[in-house]
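Asks: Below is the structure I would like to discuss, written out as structure tokens.
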Amino acid sequence: MITRFLVKRIVKWVLRILIALLALVLLAVGIFFLRDRIMYSDFYDVAEKGMKAPGLWNGYVSQGFDYYEARGVYLSCGYDKSGDASSIYIMNGEEQTQVELKNADGTDYTGHTGGIDTYGPYIYITGAKGCDLFLVDDVFDGDGKATVAGEIKTINDPAYCTVRGDLLYAGSFYDTGKYETPMEHRFTTPAGDRNTAIISVYRLDPTTGKAVSEVPEVVISTTSQVQGMTFINDSTMVLSSSYGLSTSLIRFYDLNKMEANGTTLKVGEVDVPVWFLDSSALVETVEAPPMAEEIVYHDGKLWILTESASMKYIFGKFTSGNHIYGLPLPASVAALQ
């Protein structure tokens with residue numbers, strides 16, 4: 001009898017402890033959710049909830065994002081938190097198809113894959129020394145894998161990329177300590193800002209998909225912690241900046257106010273002109289939930305992909321990270337169009 005009594009008491013205490021722990025977890029999640037909704041209420045008031053973010057329940061960590069107009073689908077690329085093959089997701093509404101990436105020798109391609117864009121029959125993904133090329137037909141052939149087909153080396157270590165016209169824009173990420181950039185890539189801008197990273201701009205050969213020169217045509221000086229970029233039109237560029245749990249910043253720039261003061265960056269024997277994105281060209285800054293990655297402008301809205309709801313970080317599952325959100329252009333930016 002004593003033994004049964006003790007067992008019952010123990011079971012009751014265990015159940016009480018488990019219930020208390022569950023209540024604490026639910027309370028913490030509720031507080032975290034409310035904090036997010038209050039902190040970013042201005043964002044949620046205007047942003048549209050779009051399609052689900054890819055790979056929410058496997059090891060995939062979203063990084064790159066693009067709208068592939070030729071096939072009417074979105075593309076996302078990301079790495080695997082356990083070090084397995086990186087992937088491209090083909091996203092058509094709620095239909096998502098995962099394509100694992102491979103090296104030429106058949107081994108897993110495990111790059112960070114910070115950015116993705118397309119150019120003719122080619123798909124560009126940021127690699128360790130520049131941008132790696134994949135073939136559109138290989139990605140879309142239905143076998144669930146694609147193999148590296150080439151490389152464009154850049155003068156910076158790119159974290160994101162965009163193609164506009166025949167130009168490839170490959171931008172680097174800076175954060176003090178862990179993610180440093182070369183000192184020669186840091187500038188004091190004409191407005192007096194301290195910029196710490198660059199975008200190197202290469203002209204592409206439509207026949208080969210490669211850069212026509214190893215030397216960029218121009219270098220654009222940017223602020224720190226940039227994760228992605230896109231264009232609204234030829235005169236408006238947008239940069240997304242984020243790191244960790246800090247607030248993401250979406251910066252809109254008027255390229256007509258981008259300055260060049262004669263500064264150059266030496267690349268081999270060539271003096272490459274440097275243009276500055278700084279506070280003098282900044283039109284608007286919008287605060288957004290943490291961990292914004294690459295961004296896409298499509299159908300009149302700026303679509304923002306985050307990595308917060310991946311199984312690596314998880315917390316975004318309780319806030320807004322499960323979906324891609326579309327932000328309408330701020331009035332100050334819309335007035336420029």
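Lettering and numbering for the structure tokens are positional, with chains as A, B, ... in the shown order, residues counted from 1 in each chain, and ligands counted from 1 in the shown order.
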Any idea what's packed within 7 Å of segment 226-239 of chain A, counting only C-alpha atoms, ignoring anything in its chain fewer than 3 positions away? Could you give it as a ChimeraX atom specification?
Replies: /A:159-160,162,173,223,242,250-256,293-297
Asks: Write out, as JSON lines, each residue of segment 18-74 of chain A that has an atom at most 12 Å from segment 137-154 of chain A, together with the closest pair of atoms and their distance in Å to one decimal, counting only C-alpha atoms, rows going by chain and rising number.
Replies:
```
{"residue": "A:Tyr68", "atom": "CA", "partner": "A:Phe140", "partner_atom": "CA", "distance": 11.9}
{"residue": "A:Arg71", "atom": "CA", "partner": "A:Phe140", "partner_atom": "CA", "distance": 10.0}
{"residue": "A:Val73", "atom": "CA", "partner": "A:Phe140", "partner_atom": "CA", "distance": 11.2}
```
Asks: If you run DSSP on the backbone here, which positions in segment 217-262 of chain A get strand (DSSP E)? Please write them as a list in words.
Replies: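 Output for segment 217-262 of chain A, strand (DSSP E) only: Val218, Val219, Ile220, Ser221, Thr222, Val226, Gln227, Gly228, Met229, Thr230, Phe231, Ile232, Asn233, Thr236, Met237, Val238, Leu239, Ser240, Ser241, Ser248, Leu249, Ile250, Arg251, Phe252, Tyr253 and Asp254 of chain A.
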Asks: Could you list, as a VMD selection string, every residue within 8 Å of Asn92 of chain A, counting only C-alpha atoms and ignoring same-chain residues fewer than 4 positions away?
Replies: chain A and resid 72 to 74 96
Asks: Can you list, as an mmCIF file with C-alpha atoms, in the first residue's frame, all residues belonging to segment 54-261 of chain A that DSSP tags as helix (DSSP H, G or I)?
Replies:
```
data_model
loop_
_atom_site.group_PDB
_atom_site.id
_atom_site.type_symbol
_atom_site.label_atom_id
_atom_site.label_comp_id
_atom_site.auth_asym_id
_atom_site.auth_seq_id
_atom_site.Cartn_x
_atom_site.Cartn_y
_atom_site.Cartn_z
ATOM 1 C CA VAL A 136 17.936 26.554 -65.398
ATOM 2 C CA ASP A 137 17.146 23.331 -67.268
ATOM 3 C CA ASP A 138 19.082 21.308 -64.681
ATOM 4 C CA VAL A 139 17.181 22.889 -61.808
ATOM 5 C CA MET A 183 40.029 47.663 -45.057
ATOM 6 C CA GLU A 184 40.209 48.852 -48.663
ATOM 7 C CA HIS A 185 36.489 48.028 -49.004
ATOM 8 C CA LEU A 255 20.144 56.276 -57.229
ATOM 9 C CA ASN A 256 19.956 59.721 -58.819
ATOM 10 C CA LYS A 257 21.496 60.984 -55.575
#
```
Asks: Nearest to Gly171 of chain A: which of A:Ala47, A:Ile220, A:Val272, A:Leu249 is it, counting only C-alpha atoms?
Replies: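 Of the candidates, the smallest distance to Gly171 of chain A is held by A:Ile220.
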Asks: Looking at only C-alpha atoms, which of A:Tyr119, A:Tyr89, A:Phe33, A:Tyr40 is the one that sits closest to Tyr60 of chain A?
Replies: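 Of A:Tyr119, A:Tyr89, A:Phe33, A:Tyr40, the one nearest Tyr60 of chain A, counting only C-alpha atoms, is A:Tyr89.
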Asks: Can you measure atom CA of Ser86 of chain A to atom CA of Thr181 of chain A for me? One decimal in Å is fine.
Replies: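 Answer for the atom CA of Ser86 of chain A to atom CA of Thr181 of chain A separation: 24.5 Å.
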Asks: Let me make sure I understand: among A:Ser224, A:Ser76, A:Asn195, A:Ser200, which one has the smallest atom-to-atom distance to Ile123 of chain A if we use only C-alpha atoms?
Replies: A:Ser76
Asks: May I have a table of the residues of segment 192-275 of chain A lying at most 12 Å from segment 128-135 of chain A, giving each one's closest pair of atoms and their distance in Å to one decimal, counting only C-alpha atoms, ordered by chain and ascending residue number, as a Markdown table?
Replies:
```
| residue | atom | partner | partner_atom | distance |
| --- | --- | --- | --- | --- |
| A:Ile199 | CA | A:Gly130 | CA | 11.5 |
| A:Ser200 | CA | A:Gly130 | CA | 10.0 |
| A:Val201 | CA | A:Gly130 | CA | 11.6 |
| A:Tyr202 | CA | A:Cys131 | CA | 11.1 |
| A:Thr208 | CA | A:Leu133 | CA | 10.3 |
| A:Gly209 | CA | A:Leu133 | CA | 8.0 |
| A:Lys210 | CA | A:Leu133 | CA | 8.6 |
| A:Ala211 | CA | A:Cys131 | CA | 10.4 |
| A:Glu214 | CA | A:Gly130 | CA | 11.0 |
```
Asks: Given the selection you just returned, output its residues as a file containing N, CA and C atoms, formatted as a PDB file, in the first residue's frame.
Replies:
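Final file, result-v7.pdb:
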```pdb
ATOM      1  N   ILE A 199      29.363  46.463 -53.053  1.00  0.00           N
ATOM      2  CA  ILE A 199      28.749  45.664 -54.110  1.00  0.00           C
ATOM      3  C   ILE A 199      29.660  45.796 -55.321  1.00  0.00           C
ATOM      4  N   SER A 200      30.154  44.670 -55.822  1.00  0.00           N
ATOM      5  CA  SER A 200      30.946  44.699 -57.052  1.00  0.00           C
ATOM      6  C   SER A 200      30.018  44.395 -58.226  1.00  0.00           C
ATOM      7  N   VAL A 201      30.145  45.183 -59.299  1.00  0.00           N
ATOM      8  CA  VAL A 201      29.212  45.123 -60.422  1.00  0.00           C
ATOM      9  C   VAL A 201      29.953  44.654 -61.667  1.00  0.00           C
ATOM     10  N   TYR A 202      29.517  43.510 -62.221  1.00  0.00           N
ATOM     11  CA  TYR A 202      30.174  42.897 -63.377  1.00  0.00           C
ATOM     12  C   TYR A 202      29.222  42.835 -64.569  1.00  0.00           C
ATOM     13  N   THR A 208      27.856  33.034 -72.543  1.00  0.00           N
ATOM     14  CA  THR A 208      28.492  32.118 -71.592  1.00  0.00           C
ATOM     15  C   THR A 208      27.954  32.245 -70.177  1.00  0.00           C
ATOM     16  N   GLY A 209      27.304  33.356 -69.882  1.00  0.00           N
ATOM     17  CA  GLY A 209      26.860  33.606 -68.517  1.00  0.00           C
ATOM     18  C   GLY A 209      27.970  34.082 -67.612  1.00  0.00           C
ATOM     19  N   LYS A 210      29.197  34.159 -68.128  1.00  0.00           N
ATOM     20  CA  LYS A 210      30.351  34.587 -67.338  1.00  0.00           C
ATOM     21  C   LYS A 210      30.518  36.104 -67.431  1.00  0.00           C
ATOM     22  N   ALA A 211      31.357  36.654 -66.557  1.00  0.00           N
ATOM     23  CA  ALA A 211      31.676  38.069 -66.619  1.00  0.00           C
ATOM     24  C   ALA A 211      32.609  38.330 -67.799  1.00  0.00           C
ATOM     25  N   GLU A 214      37.447  40.170 -65.450  1.00  0.00           N
ATOM     26  CA  GLU A 214      37.660  39.855 -64.042  1.00  0.00           C
ATOM     27  C   GLU A 214      37.589  41.101 -63.174  1.00  0.00           C
TER      28      GLU A 214
END
```
Asks: So, counting only C-alpha atoms, which residue among A:Gln98, A:Asp205, A:Ala331, A:Ile38 is closest to Gly55 of chain A?
Replies: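 Closest to Gly55 of chain A, using only C-alpha atoms: A:Gln98.
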Asks: Mind checking which residues fall within 12 Å of Gly93 of chain A, counting only C-alpha atoms, ignoring those fewer than 6 positions away in the same chain, and posting them as a ChimeraX atom specification?
Replies: /A:50-54,67,72-75,323-324
Asks: Can you tell me, as JSON, numbers by chain, what residues are no more than 10 Å from Ser82 of chain A when counting only C-alpha atoms, ignoring any on the same chain fewer than 4 positions away?
Replies: {"A": [59, 60, 110, 312]}
Asks: Could you tell me how far atom CA of Tyr169 of chain A sits from atom CA of Ser213 of chain A, in Å to one decimal place?
Replies: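 Atom CA of Tyr169 of chain A lies at a distance of 13.9 Å from atom CA of Ser213 of chain A.
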Asks: Name all residues at most 9 Å from Leu327 of chain A (count only C-alpha atoms; drop same-chain ones fewer than 2 positions away) and give them as a PyMOL selection string.
Replies: chain A and resi 43+46-48+300-304+325+329-330
Asks: Enter the distance from atom CA of Val215 of chain A to atom CA of Leu277 of chain A, in Å, rounded to one decimal.
Replies: 20.6 Å
Asks: With only C-alpha atoms as the basis for distance, which of A:Ser320, A:Asp299, A:Arg186, A:Ile314 is at the shortest distance from Glu69 of chain A?
Replies: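 Of A:Ser320, A:Asp299, A:Arg186, A:Ile314, the one nearest Glu69 of chain A is A:Asp299, counting only C-alpha atoms.
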